[in-house]
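Printed here is coords_20.txt (compact mmCIF, C-alpha atoms and all ligand atoms):
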# COMPACT_ATOMS: atom_id res chain seq x y z
CA MET A 956 114.88 98.14 53.22
CA SER A 957 113.69 100.75 55.71
CA GLU A 958 111.53 99.70 58.64
CA ALA A 959 108.72 101.92 57.31
CA LEU A 960 108.77 100.19 53.91
CA LEU A 961 108.89 96.76 55.50
CA ALA A 962 105.98 97.66 57.77
CA ARG A 963 103.99 98.86 54.74
CA ARG A 964 104.70 95.58 52.91
CA VAL A 965 103.48 93.56 55.89
CA LYS A 966 100.29 95.62 56.10
CA ASP A 967 99.65 95.47 52.35
CA LEU A 968 100.17 91.72 52.20
CA ALA A 969 97.97 91.16 55.25
CA ARG A 970 95.23 93.19 53.56
CA GLN A 971 95.60 91.27 50.27
CA ARG A 972 95.43 87.95 52.10
CA GLY A 973 92.57 89.07 54.36
CA ALA A 974 94.70 88.33 57.42
CA LEU A 975 94.11 89.71 60.89
CA ILE A 976 97.34 90.60 62.73
CA LEU A 977 97.23 90.14 66.51
CA ALA A 978 100.17 91.17 68.71
CA HIS A 979 100.84 90.77 72.41
CA ASN A 980 101.70 93.72 74.66
CA TYR A 981 105.25 92.34 75.02
CA GLN A 982 106.07 92.31 71.28
CA LEU A 983 108.68 94.58 69.71
CA GLY A 984 107.34 98.11 69.15
CA GLU A 985 107.47 97.81 65.35
CA VAL A 986 105.48 94.56 65.48
CA GLN A 987 102.85 96.15 67.74
CA ASP A 988 102.62 99.09 65.35
CA VAL A 989 101.58 97.00 62.32
CA ALA A 990 99.07 94.89 64.26
CA ASP A 991 95.31 95.27 63.89
CA PHE A 992 94.99 94.70 67.60
CA VAL A 993 97.44 94.69 70.53
CA GLY A 994 96.46 93.24 73.90
CA ASP A 995 96.98 90.65 76.62
CA SER A 996 96.42 86.97 76.00
CA LEU A 997 92.75 87.08 77.04
CA GLU A 998 91.95 90.07 74.83
CA LEU A 999 93.81 88.44 71.95
CA ALA A 1000 91.94 85.16 72.43
CA GLN A 1001 88.66 87.07 72.42
CA LYS A 1002 89.65 88.91 69.22
CA ALA A 1003 90.65 85.60 67.63
CA ALA A 1004 87.33 84.01 68.62
CA GLN A 1005 85.35 86.88 67.06
CA ALA A 1006 87.57 87.23 63.98
CA ALA A 1007 85.77 87.31 60.64
CA ALA A 1008 89.13 86.63 58.93
CA ASP A 1009 90.03 83.02 58.22
CA LEU A 1010 93.75 83.82 58.44
CA ILE A 1011 95.28 85.11 61.68
CA LEU A 1012 98.93 86.10 62.00
CA PHE A 1013 99.61 85.79 65.70
CA CYS A 1014 102.62 87.61 67.15
CA GLY A 1015 103.20 86.45 70.69
CA VAL A 1016 104.46 83.16 72.07
CA HIS A 1017 103.31 79.67 71.15
CA PHE A 1018 100.70 79.06 73.88
CA MET A 1019 98.93 82.28 72.83
CA ALA A 1020 98.77 81.26 69.16
CA GLU A 1021 97.56 77.84 70.28
CA THR A 1022 94.83 79.50 72.35
CA ALA A 1023 93.73 81.51 69.30
CA LYS A 1024 93.48 78.26 67.31
CA ILE A 1025 91.53 76.55 70.12
CA VAL A 1026 88.92 79.31 70.28
CA ASN A 1027 88.73 79.69 66.49
CA PRO A 1028 89.37 76.22 65.06
CA ASP A 1029 88.19 77.20 61.55
CA ALA A 1030 90.85 79.89 61.13
CA VAL A 1031 94.37 79.23 59.92
CA VAL A 1032 96.59 80.64 62.68
CA LEU A 1033 100.19 81.45 61.78
CA GLU A 1034 103.12 82.25 64.04
CA PRO A 1035 106.11 84.06 62.49
CA ASP A 1036 108.73 82.09 64.47
CA VAL A 1037 108.08 78.56 65.74
CA ARG A 1038 110.83 78.94 68.34
CA ALA A 1039 108.84 81.57 70.23
CA GLY A 1040 107.90 79.35 73.16
CA CYS A 1041 107.19 80.13 76.80
CA PRO A 1042 109.62 78.72 79.39
CA LEU A 1043 106.93 79.00 82.08
CA ALA A 1044 104.49 76.89 80.02
CA ASP A 1045 107.30 74.38 79.37
CA MET A 1046 107.87 73.98 83.13
CA LEU A 1047 104.68 71.92 83.40
CA PRO A 1048 104.63 68.86 81.13
CA VAL A 1049 101.14 67.34 80.97
CA GLU A 1050 102.38 64.10 82.60
CA ASP A 1051 103.30 66.05 85.74
CA LEU A 1052 99.85 67.62 85.91
CA CYS A 1053 98.26 64.17 85.55
CA ARG A 1054 100.41 62.91 88.44
CA LEU A 1055 99.37 65.90 90.57
CA LYS A 1056 95.71 65.23 89.78
CA LYS A 1057 96.13 61.61 90.92
CA GLN A 1058 97.73 62.84 94.14
CA TYR A 1059 94.76 65.19 94.83
CA PRO A 1060 91.83 63.47 93.10
CA GLU A 1061 89.20 65.74 94.70
CA ALA A 1062 90.90 69.01 93.70
CA LEU A 1063 89.77 71.37 90.95
CA VAL A 1064 92.51 72.40 88.52
CA VAL A 1065 92.91 76.09 87.68
CA THR A 1066 95.51 76.64 84.97
CA TYR A 1067 97.11 79.92 84.04
CA ILE A 1068 96.75 80.63 80.33
CA ASN A 1069 100.59 80.40 80.07
CA SER A 1070 100.40 76.64 79.55
CA SER A 1071 100.27 74.13 76.71
CA ALA A 1072 97.02 73.05 75.05
CA GLU A 1073 97.53 69.55 76.56
CA VAL A 1074 97.73 71.01 80.07
CA LYS A 1075 94.65 73.18 79.46
CA ALA A 1076 92.84 70.06 78.26
CA GLN A 1077 93.48 68.44 81.67
CA SER A 1078 92.17 71.50 83.57
CA ASP A 1079 88.80 72.51 84.93
CA TYR A 1080 89.34 76.24 84.50
CA CYS A 1081 91.79 78.51 82.75
CA CYS A 1082 92.65 81.92 84.11
CA THR A 1083 94.81 84.88 83.16
CA SER A 1084 96.73 87.20 85.44
CA GLY A 1085 93.86 89.66 84.95
CA ASN A 1086 91.14 87.32 86.18
CA ALA A 1087 92.89 84.69 88.37
CA LEU A 1088 91.46 86.26 91.56
CA LYS A 1089 87.96 86.22 90.13
CA VAL A 1090 88.19 82.65 88.84
CA VAL A 1091 89.54 81.21 92.12
CA ALA A 1092 87.13 83.30 94.24
CA SER A 1093 84.20 81.84 92.32
CA LEU A 1094 85.05 78.25 93.27
CA ASP A 1095 83.51 76.27 96.12
CA PRO A 1096 85.53 77.17 99.27
CA GLN A 1097 85.34 73.53 100.39
CA ARG A 1098 87.21 72.25 97.33
CA GLN A 1099 90.99 71.96 97.16
CA ILE A 1100 92.50 73.82 94.21
CA ILE A 1101 95.54 72.88 92.19
CA PHE A 1102 96.88 76.11 90.69
CA VAL A 1103 99.47 75.70 87.89
CA PRO A 1104 102.02 76.45 86.52
CA ASP A 1105 103.04 79.86 87.94
CA ALA A 1106 103.85 79.72 91.66
CA SER A 1107 104.26 83.51 91.96
CA LEU A 1108 100.80 84.20 90.55
CA GLY A 1109 99.45 81.35 92.69
CA GLU A 1110 101.02 82.81 95.87
CA TYR A 1111 99.57 86.22 95.01
CA VAL A 1112 96.08 84.75 94.55
CA SER A 1113 96.43 82.72 97.73
CA GLU A 1114 97.53 85.78 99.76
CA ARG A 1115 94.83 88.04 98.36
CA LEU A 1116 92.01 85.55 98.85
CA GLY A 1117 93.34 84.01 102.06
CA ARG A 1118 92.95 80.57 100.50
CA ASP A 1119 95.43 77.69 100.40
CA LEU A 1120 96.31 76.50 96.91
CA ILE A 1121 98.30 73.50 95.76
CA LEU A 1122 101.02 75.14 93.70
CA TRP A 1123 103.40 74.01 90.99
CA GLN A 1124 106.85 75.60 91.21
CA GLY A 1125 106.87 77.15 87.72
CA TYR A 1126 107.93 80.74 87.15
CA CYS A 1127 108.49 83.29 84.42
CA PRO A 1128 112.28 83.77 84.05
CA THR A 1129 111.75 87.28 82.66
CA HIS A 1130 109.62 88.53 85.57
CA HIS A 1131 111.98 86.83 88.03
CA ARG A 1132 114.85 88.90 86.63
CA ILE A 1133 113.28 91.86 88.43
CA THR A 1134 114.76 91.81 91.96
CA PRO A 1135 113.89 93.66 95.20
CA GLU A 1136 117.27 95.37 94.88
CA ASP A 1137 116.27 96.69 91.42
CA MET A 1138 112.99 97.92 92.88
CA ARG A 1139 114.74 99.83 95.69
CA GLU A 1140 117.17 101.34 93.19
CA ALA A 1141 114.35 102.38 90.83
CA ARG A 1142 112.48 103.99 93.73
CA ARG A 1143 115.65 105.81 94.79
CA LEU A 1144 116.17 107.14 91.25
CA HIS A 1145 112.52 108.11 90.75
CA PRO A 1146 111.16 108.91 94.22
CA LYS A 1147 107.94 110.52 92.96
CA ALA A 1148 106.94 107.61 90.73
CA ALA A 1149 104.13 105.17 91.48
CA VAL A 1150 105.30 101.55 91.19
CA VAL A 1151 103.18 98.94 89.47
CA VAL A 1152 104.31 95.35 88.94
CA HIS A 1153 102.98 92.15 87.43
CA PRO A 1154 101.87 89.25 89.69
CA GLU A 1155 104.39 86.95 87.99
CA CYS A 1156 107.09 88.88 89.92
CA THR A 1157 108.48 87.37 93.14
CA SER A 1158 106.80 88.07 96.48
CA GLY A 1159 109.79 90.27 97.49
CA VAL A 1160 109.18 92.47 94.44
CA ARG A 1161 105.41 92.53 94.84
CA ALA A 1162 105.80 93.66 98.45
CA LEU A 1163 107.66 96.78 97.28
CA ALA A 1164 105.01 97.86 94.74
CA ASP A 1165 102.09 100.25 95.07
CA GLU A 1166 99.97 98.09 92.78
CA VAL A 1167 100.14 94.49 91.50
CA THR A 1168 98.20 93.78 88.35
CA SER A 1169 98.13 92.23 84.86
CA THR A 1170 99.18 94.12 81.73
CA SER A 1171 95.61 95.24 81.02
CA GLY A 1172 95.39 96.18 84.71
CA ILE A 1173 98.55 98.29 84.33
CA ILE A 1174 96.87 100.21 81.50
CA ARG A 1175 93.79 100.79 83.66
CA TYR A 1176 95.97 101.83 86.62
CA LEU A 1177 97.72 104.50 84.53
CA ALA A 1178 94.36 105.66 83.15
CA LYS A 1179 92.77 106.09 86.57
CA THR A 1180 95.72 107.63 88.47
CA ASP A 1181 97.39 110.94 87.79
CA TYR A 1182 101.01 110.54 88.86
CA GLU A 1183 103.53 112.19 86.56
CA GLU A 1184 105.91 109.22 86.72
CA TYR A 1185 105.54 105.46 86.96
CA ILE A 1186 107.95 102.56 87.44
CA ILE A 1187 106.70 99.56 85.48
CA GLY A 1188 107.67 96.06 86.63
CA THR A 1189 106.80 93.71 83.82
CA GLU A 1190 108.27 92.64 80.48
CA ASN A 1191 109.68 95.84 79.04
CA GLY A 1192 107.80 95.66 75.70
CA MET A 1193 104.83 96.95 77.68
CA LEU A 1194 106.36 100.41 77.87
CA HIS A 1195 105.96 100.89 74.10
CA ARG A 1196 102.20 100.58 74.32
CA LEU A 1197 101.95 102.56 77.56
CA GLN A 1198 104.03 105.42 76.21
CA GLN A 1199 101.84 105.62 73.09
CA GLN A 1200 98.70 105.61 75.16
CA PHE A 1201 99.95 107.99 77.87
CA PRO A 1202 102.44 110.34 76.15
CA GLU A 1203 102.18 112.85 78.98
CA LYS A 1204 103.39 110.37 81.64
CA LYS A 1205 107.03 109.60 82.31
CA LEU A 1206 107.66 105.87 82.41
CA HIS A 1207 110.63 103.92 83.76
CA TYR A 1208 111.63 100.25 83.60
CA VAL A 1209 112.59 98.58 86.87
CA THR A 1210 115.49 96.94 85.03
CA THR A 1211 116.60 96.74 81.42
CA LEU A 1212 116.98 92.96 81.97
CA ALA A 1213 113.23 92.29 81.95
CA VAL A 1214 113.12 91.37 78.28
CA CYS A 1215 111.57 88.10 77.12
CA PRO A 1216 113.86 86.70 74.39
CA ASN A 1217 111.04 84.56 73.00
CA MET A 1218 108.63 87.46 72.58
CA LYS A 1219 111.35 89.32 70.69
CA LEU A 1220 111.84 86.54 68.12
CA ASN A 1221 109.00 87.90 66.00
CA THR A 1222 110.17 90.57 63.58
CA LEU A 1223 108.68 92.42 60.62
CA GLU A 1224 110.75 90.27 58.21
CA LYS A 1225 109.43 87.05 59.73
CA MET A 1226 105.87 88.41 59.63
CA LEU A 1227 106.27 89.08 55.91
CA TRP A 1228 107.69 85.61 55.22
CA SER A 1229 104.97 84.08 57.30
CA LEU A 1230 102.27 85.77 55.21
CA GLU A 1231 104.07 85.03 51.93
CA ASP A 1232 104.50 81.31 52.59
CA THR A 1233 101.55 80.66 54.96
CA LYS A 1234 103.90 79.44 57.66
CA TYR A 1235 104.11 78.38 60.47
CA GLU A 1236 100.64 77.01 60.91
CA VAL A 1237 99.55 76.20 64.47
CA ILE A 1238 97.99 72.75 64.76
CA VAL A 1239 96.13 71.57 67.85
CA PRO A 1240 94.72 68.01 67.75
CA GLU A 1241 90.91 68.15 67.73
CA GLU A 1242 90.30 66.24 70.96
CA THR A 1243 92.89 68.30 72.86
CA ALA A 1244 91.36 71.51 71.49
CA ARG A 1245 87.84 70.41 72.46
CA LYS A 1246 88.82 69.73 76.08
CA ALA A 1247 91.02 72.86 76.36
CA ARG A 1248 88.15 74.94 74.96
CA LEU A 1249 85.93 73.82 77.84
CA ALA A 1250 88.43 75.14 80.40
CA LEU A 1251 88.72 78.41 78.48
CA GLU A 1252 84.94 78.74 78.11
CA ARG A 1253 84.42 78.20 81.85
CA MET A 1254 86.82 81.11 82.46
CA LEU A 1255 85.06 83.30 79.89
CA GLN A 1256 81.67 82.61 81.44
CA LEU A 1257 82.99 83.88 84.79
CA VAL A 1258 84.54 87.06 83.43
O1 LIG B 1301 97.99 87.23 79.96
C1 LIG B 1301 98.94 87.75 79.40
O2 LIG B 1301 98.87 88.24 78.30
C2 LIG B 1301 100.24 87.79 80.08
C3 LIG B 1301 101.22 86.79 79.76
C4 LIG B 1301 100.44 88.75 80.94
C5 LIG B 1301 99.45 89.78 81.24
O3 LIG B 1301 99.32 90.17 82.38
O4 LIG B 1301 98.76 90.26 80.35
What do you get writing this file as structure tokens?
Ligand code: CIZ
Amino acid sequence: MSEALLARRVKDLARQRGALILAHNYQLGEVQDVADFVGDSLELAQKAAQAAADLILFCGVHFMAETAKIVNPDAVVLEPDVRAGCPLADMLPVEDLCRLKKQYPEALVVTYINSSAEVKAQSDYCCTSGNALKVVASLDPQRQIIFVPDASLGEYVSERLGRDLILWQGYCPTHHRITPEDMREARRLHPKAAVVVHPECTSGVRALADEVTSTSGIIRYLAKTDYEEYIIGTENGMLHRLQQQFPEKKLHYVTTLAVCPNMKLNTLEKMLWSLEDTKYEVIVPEETARKARLALERMLQLV
């Protein structure tokens, strides 16, 4: 079956079933193209919360689908492939966070959205890469802050705000595949390009960029600047959306290795099967969801 026919089937079935399709910026191009909305995890959570549909097909990784379920507990949230996890989220089991909280009983816990529902439920605030600076800056300067699980994002926030944070040594393996050597090579190949990277990249990579920002920030950066060429240092699925939105700009990856294998597990076939068989439903225990929702709501009130 051609990709176009498969895409039409997915769209038709979603319409028949009254399903809303949400896709993350890092999804395969063909998955993004059939979605009702494409965005970062915060934008997707907000869409899920406002969704009139009681069926949501969520194409991203597991913590994102879980977040959609937490903010819209009445909807049935489906993920096309249950194996689409997030190694960064898996680097912080909830037991480790509880131990850290015991070690620093006075500290507030700020948790990056790339985390499990159980970890969110043990947190005071959630944040995304787009609002981490704002969330941390809003907190009492006298309080210690535990920032988990991404140490690169935590270091970036700490440097920008001049504030010490208690960090967990988690990291995104995909963003850490981008090396300073790749950055220098990309700059050599495209000397006129502006370089924008994600804060999940290492400090050595961030230091070589013109701008460090989240995926929604990258879109805004391209919209407000008028370079002809850009080097984009994040998961490479982002270039699909950027190229559609800015066809006149020439875009380059830093490295072809920055591909998240989990994000790429969702395909048009699996989306169709998911809608046909109402699988795989995301379940979050009620008490965990209630506590996690508080941390998410505190973030949303600030932004
Ligand atoms: O928050 C997200 O969606 C992620 C994982 C990255 C970003 O910057 O948007």
Let me have the centre and edge lengths of the axis-aligned box enclosing all listed atoms of segment 1085-1101 of chain A with 5 Å padding on every side, in Å to one decimal, as AutoDock Vina command-line options.
--center_x 89.5 --center_y 80.8 --center_z 92.7 --size_x 22.0 --size_y 27.7 --size_z 25.4
Pick out the residues sitting within 8 Å of segment 969-981 of chain A, and hand them over as a short mmCIF file (atom, residue, chain, number, x, y, z; two decimals) with C-alpha atoms, keeping the file's coordinate frame; count only C-alpha atoms, and ignore anything fewer than 2 positions along from it in its own chain.
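Output file selection00.cif follows:
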data_model
loop_
_atom_site.label_atom_id
_atom_site.label_comp_id
_atom_site.auth_asym_id
_atom_site.auth_seq_id
_atom_site.Cartn_x
_atom_site.Cartn_y
_atom_site.Cartn_z
CA VAL A 965 103.48 93.56 55.89
CA LYS A 966 100.29 95.62 56.10
CA ASP A 967 99.65 95.47 52.35
CA LEU A 983 108.68 94.58 69.71
CA VAL A 986 105.48 94.56 65.48
CA GLN A 987 102.85 96.15 67.74
CA VAL A 989 101.58 97.00 62.32
CA ALA A 990 99.07 94.89 64.26
CA ASP A 991 95.31 95.27 63.89
CA PHE A 992 94.99 94.70 67.60
CA VAL A 993 97.44 94.69 70.53
CA GLY A 994 96.46 93.24 73.90
CA ASP A 995 96.98 90.65 76.62
CA SER A 996 96.42 86.97 76.00
CA LEU A 999 93.81 88.44 71.95
CA ALA A 1006 87.57 87.23 63.98
CA ALA A 1008 89.13 86.63 58.93
CA ASP A 1009 90.03 83.02 58.22
CA LEU A 1010 93.75 83.82 58.44
CA ILE A 1011 95.28 85.11 61.68
CA LEU A 1012 98.93 86.10 62.00
CA PHE A 1013 99.61 85.79 65.70
CA CYS A 1014 102.62 87.61 67.15
CA GLY A 1015 103.20 86.45 70.69
CA THR A 1170 99.18 94.12 81.73
CA GLU A 1190 108.27 92.64 80.48
CA ASN A 1191 109.68 95.84 79.04
CA GLY A 1192 107.80 95.66 75.70
CA MET A 1193 104.83 96.95 77.68
CA ARG A 1196 102.20 100.58 74.32
CA CYS A 1215 111.57 88.10 77.12
CA MET A 1218 108.63 87.46 72.58
CA LEU A 1230 102.27 85.77 55.21
#
For segment 1070-1081 of chain A, please output as an mmCIF file with C-alpha atoms, in the coordinates of the input all residues within 6 Å (counting all atoms listed in the file; exclusion window: fewer than 6 positions along the same chain).
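Listed below is the output, result12.cif:
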data_model
loop_
_atom_site.group_PDB
_atom_site.id
_atom_site.type_symbol
_atom_site.label_atom_id
_atom_site.label_comp_id
_atom_site.auth_asym_id
_atom_site.auth_seq_id
_atom_site.Cartn_x
_atom_site.Cartn_y
_atom_site.Cartn_z
ATOM 1 C CA PHE A 1018 100.700 79.060 73.880
ATOM 2 C CA ALA A 1044 104.490 76.890 80.020
ATOM 3 C CA VAL A 1049 101.140 67.340 80.970
ATOM 4 C CA VAL A 1064 92.510 72.400 88.520
ATOM 5 C CA THR A 1243 92.890 68.300 72.860
ATOM 6 C CA LYS A 1246 88.820 69.730 76.080
ATOM 7 C CA ALA A 1247 91.020 72.860 76.360
ATOM 8 C CA ALA A 1250 88.430 75.140 80.400
ATOM 9 C CA LEU A 1251 88.720 78.410 78.480
ATOM 10 C CA ARG A 1253 84.420 78.200 81.850
ATOM 11 C CA MET A 1254 86.820 81.110 82.460
#
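Take atom CA of Cys1156 of chain A and atom CA of Arg1115 of chain A: the distance between them is 14.9 Å.
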Just the number, please: distance in Å from atom CA of Pro1104 of chain A to atom CA of Gly1125 of chain A, one decimal.
5.0 Å
